[in-house]
Amino acid sequence: MNDTRKKELQSAAFERLIQHLRERKDVQNLDLMNLAGFCRNCLSKWYREEAKKKGIEISDLDAREHVYGMPYSKWKEKYQK
């Protein structure tokens, strides 16, 4: 498998993970941290950090919106227990 194909598959798997977490609003970030050692906020931070390595500036709020599928403040208000 060439590097381009590998990156395409990794990107698709990442987006699938994000979609899964968007659908599982019942799973709180604290639950994820306790079980897996990362949460939605970690994913948004990693996304932002990887963009920065490529010279792309993404704000924390924009990165979180990508992961949560809506503004973080709205998600907290609707789903955070």
# chains A, B, ... in the order shown; residues from 1 in each chain; ligands from 1

$ select_by_dssp --residues "chain A" --states "helix (DSSP H, G or I)" --output "ChimeraX atom specification"
/A:3-23,29-36,40-53,60-68,72-79

$ write_last_selection --atoms "C-alpha atoms" --output "short mmCIF file (atom, residue, chain, number, x, y, z; two decimals), in the first residue's frame"
data_model
loop_
_atom_site.label_atom_id
_atom_site.label_comp_id
_atom_site.auth_asym_id
_atom_site.auth_seq_id
_atom_site.Cartn_x
_atom_site.Cartn_y
_atom_site.Cartn_z
CA ASP A 3 1.58 6.32 1.50
CA THR A 4 -1.20 8.27 -0.20
CA ARG A 5 -3.65 5.37 0.08
CA LYS A 6 -2.62 4.78 3.70
CA LYS A 7 -3.24 8.45 4.59
CA GLU A 8 -6.64 8.35 2.83
CA LEU A 9 -7.66 5.33 4.89
CA GLN A 10 -6.39 6.86 8.12
CA SER A 11 -8.30 10.06 7.38
CA ALA A 12 -11.49 8.12 6.66
CA ALA A 13 -11.10 6.13 9.89
CA PHE A 14 -10.58 9.37 11.86
CA GLU A 15 -13.72 10.91 10.34
CA ARG A 16 -15.63 7.70 11.11
CA LEU A 17 -14.49 7.88 14.75
CA ILE A 18 -15.63 11.49 14.95
CA GLN A 19 -19.02 10.59 13.45
CA HIS A 20 -19.38 7.73 15.92
CA LEU A 21 -18.68 10.06 18.85
CA ARG A 22 -21.13 12.63 17.47
CA GLU A 23 -23.82 9.94 17.45
CA ASN A 29 -15.89 12.95 27.89
CA LEU A 30 -15.09 11.88 31.44
CA ASP A 31 -16.22 8.34 30.58
CA LEU A 32 -13.95 8.34 27.53
CA MET A 33 -11.00 9.64 29.56
CA ASN A 34 -11.49 7.00 32.24
CA LEU A 35 -11.80 4.13 29.77
CA ALA A 36 -9.66 5.13 26.82
CA ARG A 40 -13.41 14.55 22.18
CA ASN A 41 -11.38 17.51 23.42
CA CYS A 42 -8.18 15.50 22.99
CA LEU A 43 -9.16 14.71 19.39
CA SER A 44 -9.80 18.39 18.67
CA LYS A 45 -6.45 19.31 20.22
CA TRP A 46 -4.62 16.70 18.14
CA TYR A 47 -6.45 17.90 15.01
CA ARG A 48 -5.37 21.49 15.71
CA GLU A 49 -1.77 20.46 16.47
CA GLU A 50 -1.48 18.46 13.24
CA ALA A 51 -2.85 21.41 11.27
CA LYS A 52 -0.25 23.67 12.88
CA LYS A 53 2.54 21.29 11.78
CA ASP A 60 -9.45 25.71 19.45
CA LEU A 61 -13.15 26.52 19.00
CA ASP A 62 -13.07 25.63 15.29
CA ALA A 63 -11.26 22.36 15.99
CA ARG A 64 -13.81 21.47 18.66
CA GLU A 65 -16.67 22.31 16.32
CA HIS A 66 -15.18 19.90 13.76
CA VAL A 67 -15.11 17.11 16.32
CA TYR A 68 -18.42 17.85 18.05
CA TYR A 72 -18.74 23.33 21.78
CA SER A 73 -20.83 25.65 23.97
CA LYS A 74 -24.02 24.35 22.34
CA TRP A 75 -22.92 20.70 22.81
CA LYS A 76 -22.13 21.32 26.49
CA GLU A 77 -25.48 22.98 27.05
CA LYS A 78 -27.44 20.18 25.35
CA TYR A 79 -25.50 17.02 26.26
#

$ atom_distance --atom1 "atom CA of Gln28 of chain A" --atom2 "atom CA of Lys81 of chain A"
7.6 Å
